[in-house]
$ cat final.tsv   # TSV, C-alpha atoms and all ligand atoms
chain	number	residue	atom	x	y	z
M	1	MET	CA	-30.60	66.64	45.58
M	2	THR	CA	-27.61	64.50	46.51
M	3	ARG	CA	-25.08	64.16	43.68
M	4	SER	CA	-21.70	63.99	45.42
M	5	ILE	CA	-20.90	61.46	48.14
M	6	ALA	CA	-17.87	60.98	50.39
M	7	PHE	CA	-17.10	57.34	51.25
M	8	ILE	CA	-14.85	56.66	54.27
M	9	GLY	CA	-13.59	53.08	54.64
M	10	LEU	CA	-13.01	51.37	51.28
M	11	GLY	CA	-12.42	47.79	52.46
M	12	ASN	CA	-14.05	44.52	51.43
M	13	MET	CA	-17.51	46.06	51.76
M	14	GLY	CA	-16.85	49.77	51.23
M	15	ALA	CA	-15.05	49.55	47.88
M	16	PRO	CA	-17.77	47.64	46.02
M	17	MET	CA	-20.49	49.74	47.70
M	18	ALA	CA	-18.77	52.93	46.58
M	19	GLY	CA	-18.34	51.38	43.12
M	20	ASN	CA	-22.09	50.84	42.84
M	21	LEU	CA	-22.69	54.51	43.69
M	22	VAL	CA	-20.29	55.45	40.87
M	23	LYS	CA	-22.19	53.17	38.48
M	24	ALA	CA	-25.43	54.90	39.50
M	25	GLY	CA	-24.00	58.25	38.41
M	26	TYR	CA	-22.94	59.77	41.72
M	27	THR	CA	-19.62	61.56	42.04
M	28	VAL	CA	-17.89	59.55	44.78
M	29	THR	CA	-14.83	60.74	46.66
M	30	GLY	CA	-13.20	58.13	48.89
M	31	PHE	CA	-10.75	57.91	51.77
M	32	ASP	CA	-9.12	54.91	53.45
M	33	VAL	CA	-5.97	54.64	55.56
M	34	ALA	CA	-4.86	51.50	53.64
M	35	PRO	CA	-3.15	52.00	50.25
M	36	ALA	CA	-4.48	48.69	48.86
M	37	ALA	CA	-8.06	49.72	49.68
M	38	ARG	CA	-7.52	53.12	48.03
M	39	HIS	CA	-6.16	51.43	44.91
M	40	ASN	CA	-9.08	49.01	44.69
M	41	ALA	CA	-11.61	51.83	45.06
M	42	ALA	CA	-9.84	53.95	42.43
M	43	GLU	CA	-10.18	51.07	39.97
M	44	ARG	CA	-13.94	51.25	40.55
M	45	GLY	CA	-14.10	54.91	39.57
M	46	VAL	CA	-13.87	56.46	43.05
M	47	ARG	CA	-11.88	59.71	43.23
M	48	VAL	CA	-9.51	58.82	46.07
M	49	VAL	CA	-8.07	61.50	48.38
M	50	ASP	CA	-5.72	61.32	51.35
M	51	SER	CA	-7.60	62.73	54.35
M	52	VAL	CA	-11.01	62.99	56.01
M	53	ASN	CA	-10.82	66.75	55.45
M	54	ALA	CA	-10.34	66.35	51.71
M	55	VAL	CA	-12.97	63.64	51.29
M	56	VAL	CA	-15.87	65.69	52.66
M	57	ASP	CA	-14.98	68.90	50.87
M	58	GLY	CA	-18.14	70.15	49.14
M	59	VAL	CA	-20.10	66.85	49.28
M	60	ASP	CA	-23.84	66.45	49.88
M	61	ALA	CA	-23.58	63.16	51.79
M	62	VAL	CA	-21.04	61.10	53.73
M	63	ILE	CA	-21.01	57.32	54.25
M	64	SER	CA	-18.67	55.55	56.70
M	65	MET	CA	-17.97	51.79	56.49
M	66	LEU	CA	-15.38	51.05	59.18
M	67	PRO	CA	-14.23	48.04	61.23
M	68	ASN	CA	-15.40	49.09	64.71
M	69	ALA	CA	-17.17	51.63	66.94
M	70	ALA	CA	-14.03	53.42	68.15
M	71	LEU	CA	-13.10	54.27	64.55
M	72	VAL	CA	-16.63	55.39	63.69
M	73	LEU	CA	-16.74	57.72	66.70
M	74	ASP	CA	-13.27	59.03	65.89
M	75	VAL	CA	-14.16	59.75	62.25
M	76	TRP	CA	-17.57	61.28	63.11
M	77	THR	CA	-15.88	63.49	65.73
M	78	GLN	CA	-13.64	64.80	62.95
M	79	LEU	CA	-16.69	65.33	60.73
M	80	ALA	CA	-18.33	67.54	63.36
M	81	ASP	CA	-15.80	70.29	62.66
M	82	ILE	CA	-15.77	70.08	58.87
M	83	VAL	CA	-19.08	69.05	57.27
M	84	ARG	CA	-21.67	71.63	56.23
M	85	PRO	CA	-24.80	71.82	58.41
M	86	GLY	CA	-27.58	69.76	56.84
M	87	THR	CA	-25.22	67.20	55.30
M	88	LEU	CA	-26.59	63.65	55.20
M	89	VAL	CA	-24.22	61.40	57.21
M	90	ILE	CA	-24.73	57.61	57.20
M	91	ASP	CA	-22.79	54.93	59.07
M	92	SER	CA	-23.07	51.41	57.61
M	93	SER	CA	-20.47	49.74	59.87
M	94	THR	CA	-21.64	47.12	62.36
M	95	ILE	CA	-21.18	48.62	65.84
M	96	ASP	CA	-22.87	48.52	69.24
M	97	VAL	CA	-26.15	50.32	69.76
M	98	GLU	CA	-24.85	52.75	72.41
M	99	SER	CA	-21.99	53.90	70.18
M	100	ALA	CA	-24.41	54.29	67.27
M	101	ARG	CA	-26.62	56.55	69.40
M	102	ALA	CA	-23.55	58.49	70.55
M	103	ALA	CA	-22.48	58.98	66.92
M	104	HIS	CA	-25.84	60.59	66.05
M	105	LEU	CA	-25.35	63.04	68.95
M	106	LEU	CA	-21.93	64.08	67.63
M	107	LEU	CA	-23.54	65.69	64.56
M	108	PRO	CA	-26.65	67.56	65.74
M	109	ALA	CA	-26.55	69.94	62.76
M	110	CYS	CA	-26.49	67.07	60.23
M	111	VAL	CA	-29.05	64.56	58.98
M	112	THR	CA	-27.77	61.31	60.52
M	113	VAL	CA	-28.67	57.65	59.96
M	114	ASP	CA	-27.29	54.36	61.25
M	115	ALA	CA	-27.62	51.90	58.37
M	116	PRO	CA	-25.79	48.60	58.98
M	117	VAL	CA	-26.07	45.96	56.28
M	118	SER	CA	-26.65	42.28	55.80
M	119	GLY	CA	-25.66	40.41	52.66
M	120	GLY	CA	-21.86	40.27	52.88
M	121	THR	CA	-19.31	40.99	50.19
M	122	GLY	CA	-21.45	39.23	47.57
M	123	GLY	CA	-24.32	41.59	48.31
M	124	ALA	CA	-21.95	44.55	48.32
M	125	GLU	CA	-20.67	43.64	44.83
M	126	ALA	CA	-24.13	42.89	43.45
M	127	GLY	CA	-25.79	45.96	44.99
M	128	THR	CA	-28.29	43.77	46.83
M	129	LEU	CA	-27.50	44.54	50.48
M	130	SER	CA	-30.25	44.74	53.09
M	131	PHE	CA	-29.98	48.06	54.93
M	132	MET	CA	-31.45	48.41	58.42
M	133	LEU	CA	-32.06	52.09	59.18
M	134	GLY	CA	-32.21	54.02	62.44
M	135	GLY	CA	-32.87	57.75	62.69
M	136	GLU	CA	-35.50	60.47	62.35
M	137	ALA	CA	-38.18	59.78	59.72
M	138	ASP	CA	-37.00	62.62	57.45
M	139	ALA	CA	-33.38	61.45	57.72
M	140	ILE	CA	-34.42	57.96	56.66
M	141	GLU	CA	-36.27	59.36	53.64
M	142	ALA	CA	-33.20	61.45	52.71
M	143	ALA	CA	-30.99	58.35	52.96
M	144	ARG	CA	-33.17	56.16	50.74
M	145	PRO	CA	-32.09	57.39	47.26
M	146	VAL	CA	-28.42	57.38	48.30
M	147	LEU	CA	-28.63	53.78	49.54
M	148	GLU	CA	-30.76	52.53	46.63
M	149	PRO	CA	-27.89	51.68	44.21
M	150	MET	CA	-26.29	49.48	46.90
M	151	ALA	CA	-29.49	47.90	48.18
M	152	GLY	CA	-31.78	44.97	47.67
M	153	ARG	CA	-33.94	46.09	50.60
M	154	ILE	CA	-34.09	49.21	52.76
M	155	ILE	CA	-35.88	48.63	56.06
M	156	PRO	CA	-36.65	51.51	58.46
M	157	CYS	CA	-36.31	50.12	62.00
M	158	GLY	CA	-36.98	53.12	64.25
M	159	ALA	CA	-35.10	55.89	66.03
M	160	ALA	CA	-31.33	56.46	66.27
M	161	GLY	CA	-29.55	53.14	66.96
M	162	ALA	CA	-32.50	51.01	65.83
M	163	GLY	CA	-30.70	49.88	62.66
M	164	GLN	CA	-27.83	48.52	64.74
M	165	ALA	CA	-30.25	46.92	67.20
M	166	ALA	CA	-32.01	45.06	64.37
M	167	LYS	CA	-28.68	44.01	62.85
M	168	LEU	CA	-27.47	42.53	66.16
M	169	CYS	CA	-30.72	40.61	66.68
M	170	ASN	CA	-30.59	39.25	63.11
M	171	ASN	CA	-26.98	38.12	63.35
M	172	MET	CA	-27.44	36.57	66.78
M	173	LEU	CA	-30.27	34.50	65.28
M	174	LEU	CA	-28.12	33.67	62.24
M	175	GLY	CA	-25.26	32.43	64.46
M	176	ILE	CA	-27.65	30.27	66.46
M	177	SER	CA	-29.43	28.92	63.38
M	178	MET	CA	-26.16	28.07	61.61
M	179	ILE	CA	-25.01	26.10	64.63
M	180	GLY	CA	-28.41	24.38	64.67
M	181	ALA	CA	-28.14	23.47	60.98
M	182	ALA	CA	-24.56	22.24	61.49
M	183	GLU	CA	-25.59	20.09	64.46
M	184	ALA	CA	-28.39	18.49	62.45
M	185	PHE	CA	-25.90	17.49	59.72
M	186	VAL	CA	-23.33	16.27	62.30
M	187	LEU	CA	-25.95	14.07	63.96
M	188	GLY	CA	-27.36	12.96	60.59
M	189	GLU	CA	-23.91	11.82	59.45
M	190	LYS	CA	-23.43	9.76	62.62
M	191	LEU	CA	-26.83	8.20	62.06
M	192	GLY	CA	-25.82	7.20	58.54
M	193	LEU	CA	-27.83	9.79	56.59
M	194	GLU	CA	-26.58	11.13	53.25
M	195	HIS	CA	-26.21	14.95	53.24
M	196	GLN	CA	-28.55	15.24	50.25
M	197	ALA	CA	-31.26	13.10	51.83
M	198	LEU	CA	-31.18	15.10	55.06
M	199	PHE	CA	-31.12	18.37	53.11
M	200	ASP	CA	-34.18	17.27	51.10
M	201	VAL	CA	-36.05	16.74	54.37
M	202	LEU	CA	-34.84	19.80	56.31
M	203	SER	CA	-35.22	22.25	53.44
M	204	THR	CA	-38.86	21.29	52.85
M	205	SER	CA	-39.93	20.53	56.43
M	206	SER	CA	-40.17	22.50	59.66
M	207	GLY	CA	-36.37	22.63	59.96
M	208	GLN	CA	-36.11	24.90	56.90
M	209	CYS	CA	-34.25	28.19	57.38
M	210	TRP	CA	-31.72	30.36	55.54
M	211	SER	CA	-28.80	28.46	57.10
M	212	VAL	CA	-30.11	25.23	55.57
M	213	ASN	CA	-31.87	26.30	52.38
M	214	THR	CA	-29.56	29.04	51.09
M	215	TYR	CA	-26.25	28.62	52.90
M	216	CYS	CA	-26.15	24.88	53.64
M	217	PRO	CA	-23.06	24.13	55.79
M	218	VAL	CA	-22.24	20.81	54.09
M	219	PRO	CA	-20.88	20.47	50.53
M	220	GLY	CA	-23.26	19.34	47.82
M	221	PRO	CA	-26.89	20.30	48.29
M	222	VAL	CA	-26.59	24.08	47.68
M	223	PRO	CA	-23.88	24.61	45.03
M	224	THR	CA	-23.38	28.32	45.86
M	225	SER	CA	-22.78	27.80	49.59
M	226	PRO	CA	-19.21	28.28	50.94
M	227	ALA	CA	-19.05	24.60	51.98
M	228	ASN	CA	-18.41	23.86	48.28
M	229	ARG	CA	-15.28	26.03	48.14
M	230	ASP	CA	-13.57	24.77	51.28
M	231	TYR	CA	-15.39	27.39	53.35
M	232	ALA	CA	-13.78	30.44	51.73
M	233	PRO	CA	-15.96	33.37	52.94
M	234	GLY	CA	-18.68	34.62	52.43
M	235	PHE	CA	-18.97	35.85	55.96
M	236	ALA	CA	-15.91	35.00	58.02
M	237	GLY	CA	-16.23	33.29	61.42
M	238	ALA	CA	-14.27	36.17	63.00
M	239	LEU	CA	-16.95	38.63	61.82
M	240	MET	CA	-19.72	36.39	63.18
M	241	LEU	CA	-17.88	36.36	66.52
M	242	LYS	CA	-17.67	40.17	66.43
M	243	ASP	CA	-21.46	40.37	65.98
M	244	LEU	CA	-22.21	37.74	68.64
M	245	ARG	CA	-20.03	39.66	71.10
M	246	LEU	CA	-21.94	42.85	70.31
M	247	ALA	CA	-25.23	40.98	70.85
M	248	SER	CA	-24.00	39.50	74.15
M	249	GLN	CA	-22.87	42.91	75.35
M	250	ALA	CA	-26.21	44.44	74.37
M	251	ALA	CA	-28.09	41.63	76.15
M	252	THR	CA	-26.02	42.21	79.29
M	253	ASP	CA	-26.55	45.98	79.14
M	254	CYS	CA	-30.33	45.80	78.76
M	255	VAL	CA	-30.79	42.62	80.85
M	256	ALA	CA	-32.25	40.46	78.07
M	257	ALA	CA	-32.23	36.65	78.37
M	258	THR	CA	-30.31	35.27	75.38
M	259	PRO	CA	-28.83	31.96	76.60
M	260	LEU	CA	-28.46	30.47	73.11
M	261	GLY	CA	-26.85	33.70	71.88
M	262	ALA	CA	-24.30	33.37	74.69
M	263	LYS	CA	-23.69	29.72	73.84
M	264	ALA	CA	-23.28	30.60	70.15
M	265	ARG	CA	-20.73	33.27	71.11
M	266	ARG	CA	-18.73	30.75	73.13
M	267	LEU	CA	-18.76	28.24	70.27
M	268	TYR	CA	-17.54	30.86	67.78
M	269	GLU	CA	-14.90	31.97	70.31
M	270	ALA	CA	-13.61	28.39	70.36
M	271	PHE	CA	-13.86	28.17	66.56
M	272	VAL	CA	-11.83	31.36	66.11
M	273	ALA	CA	-9.33	30.32	68.84
M	274	SER	CA	-8.73	27.10	66.85
M	275	GLY	CA	-7.28	29.30	64.08
M	276	GLN	CA	-10.25	29.13	61.70
M	277	GLY	CA	-11.65	32.65	62.06
M	278	HIS	CA	-10.74	33.44	58.45
M	279	LYS	CA	-13.01	30.64	57.18
M	280	ASP	CA	-16.69	31.16	56.48
M	281	PHE	CA	-18.83	30.95	59.62
M	282	SER	CA	-20.61	27.87	58.21
M	283	ALA	CA	-17.34	25.94	58.76
M	284	ILE	CA	-18.65	25.58	62.32
M	285	PHE	CA	-20.09	22.34	60.86
M	286	ALA	CA	-16.61	20.87	60.33
M	287	TYR	CA	-15.47	22.25	63.70
M	288	LEU	CA	-18.31	20.51	65.54
M	289	ARG	CA	-17.88	17.28	63.60
M	290	ASP	CA	-14.14	17.12	64.19
M	291	ASN	CA	-14.02	18.15	67.84
M	292	HIS	CA	-14.44	16.28	71.06
M	293	VAL	CA	-17.98	16.02	72.40
M	294	GLU	CA	-19.40	14.38	75.48
M	295	HIS	CA	-23.02	13.24	75.46
M	296	GLY	CA	-23.73	15.66	72.62
M	297	GLU	CA	-22.50	18.61	74.68
M	298	GLN	CA	-19.59	20.56	73.17
M	299	THR	CA	-16.91	21.00	75.83
M	300	VAL	CA	-16.56	24.79	75.55
I	401	LIG	P1	-12.55	45.83	56.11
I	401	LIG	O1	-11.60	45.68	57.24
I	401	LIG	O2	-12.32	45.07	54.84
I	401	LIG	O3	-12.67	47.39	55.70
I	401	LIG	C1	-12.61	48.45	56.60
I	401	LIG	C2	-11.74	49.53	56.00
I	401	LIG	O4	-11.71	50.66	56.87
I	401	LIG	C3	-10.28	49.08	55.81
I	401	LIG	O5	-9.93	49.21	54.43
I	401	LIG	C4	-9.49	50.03	56.69
I	401	LIG	O6	-8.22	50.37	56.17
I	401	LIG	C5	-10.41	51.22	56.74
I	401	LIG	N1	-10.15	52.14	57.85
I	401	LIG	C6	-9.81	51.84	59.14
I	401	LIG	N2	-9.68	52.96	59.85
I	401	LIG	C7	-9.94	54.00	59.02
I	401	LIG	C8	-9.98	55.41	59.17
I	401	LIG	N3	-9.71	55.99	60.36
I	401	LIG	N4	-10.27	56.18	58.10
I	401	LIG	C9	-10.54	55.60	56.90
I	401	LIG	N5	-10.51	54.27	56.68
I	401	LIG	C10	-10.23	53.48	57.73
I	401	LIG	O7	-14.01	45.50	56.70
I	401	LIG	P2	-15.32	45.18	55.88
I	401	LIG	O8	-15.47	43.71	55.70
I	401	LIG	O9	-15.39	46.10	54.69
I	401	LIG	O10	-16.43	45.58	56.96
I	401	LIG	C11	-16.72	46.94	57.24
I	401	LIG	C12	-17.86	46.97	58.23
I	401	LIG	O11	-19.00	46.29	57.70
I	401	LIG	C13	-17.53	46.28	59.57
I	401	LIG	O12	-18.10	47.02	60.61
I	401	LIG	C14	-18.18	44.91	59.42
I	401	LIG	O13	-18.55	44.34	60.66
I	401	LIG	C15	-19.40	45.25	58.58
I	401	LIG	N6	-19.92	44.15	57.77
I	401	LIG	C16	-19.07	43.34	57.08
I	401	LIG	C17	-19.60	42.30	56.33
I	401	LIG	C18	-18.69	41.38	55.54
I	401	LIG	O14	-19.17	40.33	55.07
I	401	LIG	N7	-17.42	41.72	55.34
I	401	LIG	C19	-20.98	42.09	56.27
I	401	LIG	C20	-21.82	42.97	56.95
I	401	LIG	C21	-21.28	43.99	57.71

$ encode --input "final.tsv" --output "C-alpha cells"
Amino acid sequence: MTRSIAFIGLGNMGAPMAGNLVKAGYTVTGFDVAPAARHNAAERGVRVVDSVNAVVDGVDAVISMLPNAALVLDVWTQLADIVRPGTLVIDSSTIDVESARAAHLLLPACVTVDAPVSGGTGGAEAGTLSFMLGGEADAIEAARPVLEPMAGRIIPCGAAGAGQAAKLCNNMLLGISMIGAAEAFVLGEKLGLEHQALFDVLSTSSGQCWSVNTYCPVPGPVPTSPANRDYAPGFAGALMLKDLRLASQAATDCVAATPLGAKARRLYEAFVASGQGHKDFSAIFAYLRDNHVEHGEQTV
C-alpha cells in the first residue's frame, strides 16, 4: 500500500496538490529547482529535499508536475536509473501525447500513468481537480487512491497517452467556447444589451456552456468569475495558448480537421503578444472588444 510519495515540481499546481496529500496522511517528499517553490511546499508539510535522487529514495510512488514535455522526459530519464522496479510513477503535467507515450516507455519496470488535470489552481487548493488517466488498467487502479485526495473526479481515458489526448481535446474546446462566449457579449454590448440580460438568456438557453454559466467573461453575472477581479487568473492566457499549441500540433500530426482550434490558437497568440498573457484567458473578451475588427472578422 502506498504511504510515501515523491512530488517533483512544486509550483502553482504542485505545491497545493502535494499539500493535499500531506493532509490525507501520506508522507510527501518534494523537490523543485526554485527556492520559492520549495519554501511554499515546506509550509504545507512537505519534506523538501535538494535533488531528484534524494526525493525518490525509498518512496512507493512518484508524481511529476512540471512546465513542459522536455522537463518531464528529462526527469523521467533520471528516474529510470534510481526508482525501484514496481514503483508507481504518475505525470500530471500538460504535455503532448507523443512525449507522454515516450515517457511511459522510459520506465518499463514501473507502473506508469499520464494523469493531466483540469480545474486550475483553485481546484489544486481545494482538492477538486479532474484527473484524466492514460495507462494500463492495473496502473490506473493503482493510481486511484494516490490521486483521490487531490481529485474531484478521476476519469480513465484509455492506454498510455490517452489522458493527455483527452486533456488537449477538452482545452481546445474550452478555448473555442470562451472565445464564443466573449464574442456573444461583445456583439450584445454593441446591440445595446445589458450583460445581465444577455447572461440570463445565454445561461438558460441553447448558448449555455461552462464559459458562460460558470466562468462568465464579463463582470457581474457570475461573482466568482475572474472578470470580477480584473481578470487575475484563474487560468492564464499564456497557459491556454500552450494548450492550444499542443492541440494544433496534435491535429497536424494525426491529420485531424480542427479549423476553429487553429483560429482560437491564433487569437490567443495575438492576445499573449499584446502583453496580456498573465491575465486570465477569459480576458479575451476585453481584447476582442477593444481591438480593431473588420466586418466582424478579427484581423489576426
Ligand atoms: P509552475 O511553473 O508554477 O510550476 C512548475 C514548477 O516546476 C516550478 O516551480 C519549477 O521551478 C519546477 N521545475 C522546473 N524544472 C524542474 C526540474 N527539473 N525539477 C524539479 N522542478 C522543476 O506551473 P504550474 O502552473 O504548477 O503548472 C504545472 C503543469 O500543470 C504545467 O504543465 C501546466 O500546463 C499544467 N496545468 C496548469 C494549470 C494552472 O492553472 N496553473 C492547470 C492545469 C494544468

$ residues_near_ligand --input "final.tsv" --ligand "ligand LIG 401 (chain I)" --cutoff "7 Å" --atoms "all atoms listed in the file" --output "JSON, numbers by chain"
{"M": [8, 9, 10, 11, 12, 13, 14, 31, 32, 33, 34, 37, 65, 66, 67, 68, 71, 75, 92, 93, 94, 95, 116, 117, 118, 119, 120, 121, 234, 235, 236, 239]}

$ atom_distance --input "final.tsv" --atom1 "CA of Ser51 (chain M)" --atom2 "CA of Glu125 (chain M)"
25.0 Å

$ closest_residue --input "final.tsv" --among "M:Gly161, M:Gly237, M:Pro221, M:Gly261" --to "Gly275 (chain M)" --atoms "all atoms listed in the file"
M:Gly237

$ atom_distance --input "final.tsv" --atom1 "CA of Ala124 (chain M)" --atom2 "CA of Pro16 (chain M)"
5.7 Å

$ closest_residue --input "final.tsv" --among "M:Glu148, M:Asp243, M:Glu98, M:Glu43" --to "Met172 (chain M)" --atoms "only C-alpha atoms"
M:Asp243
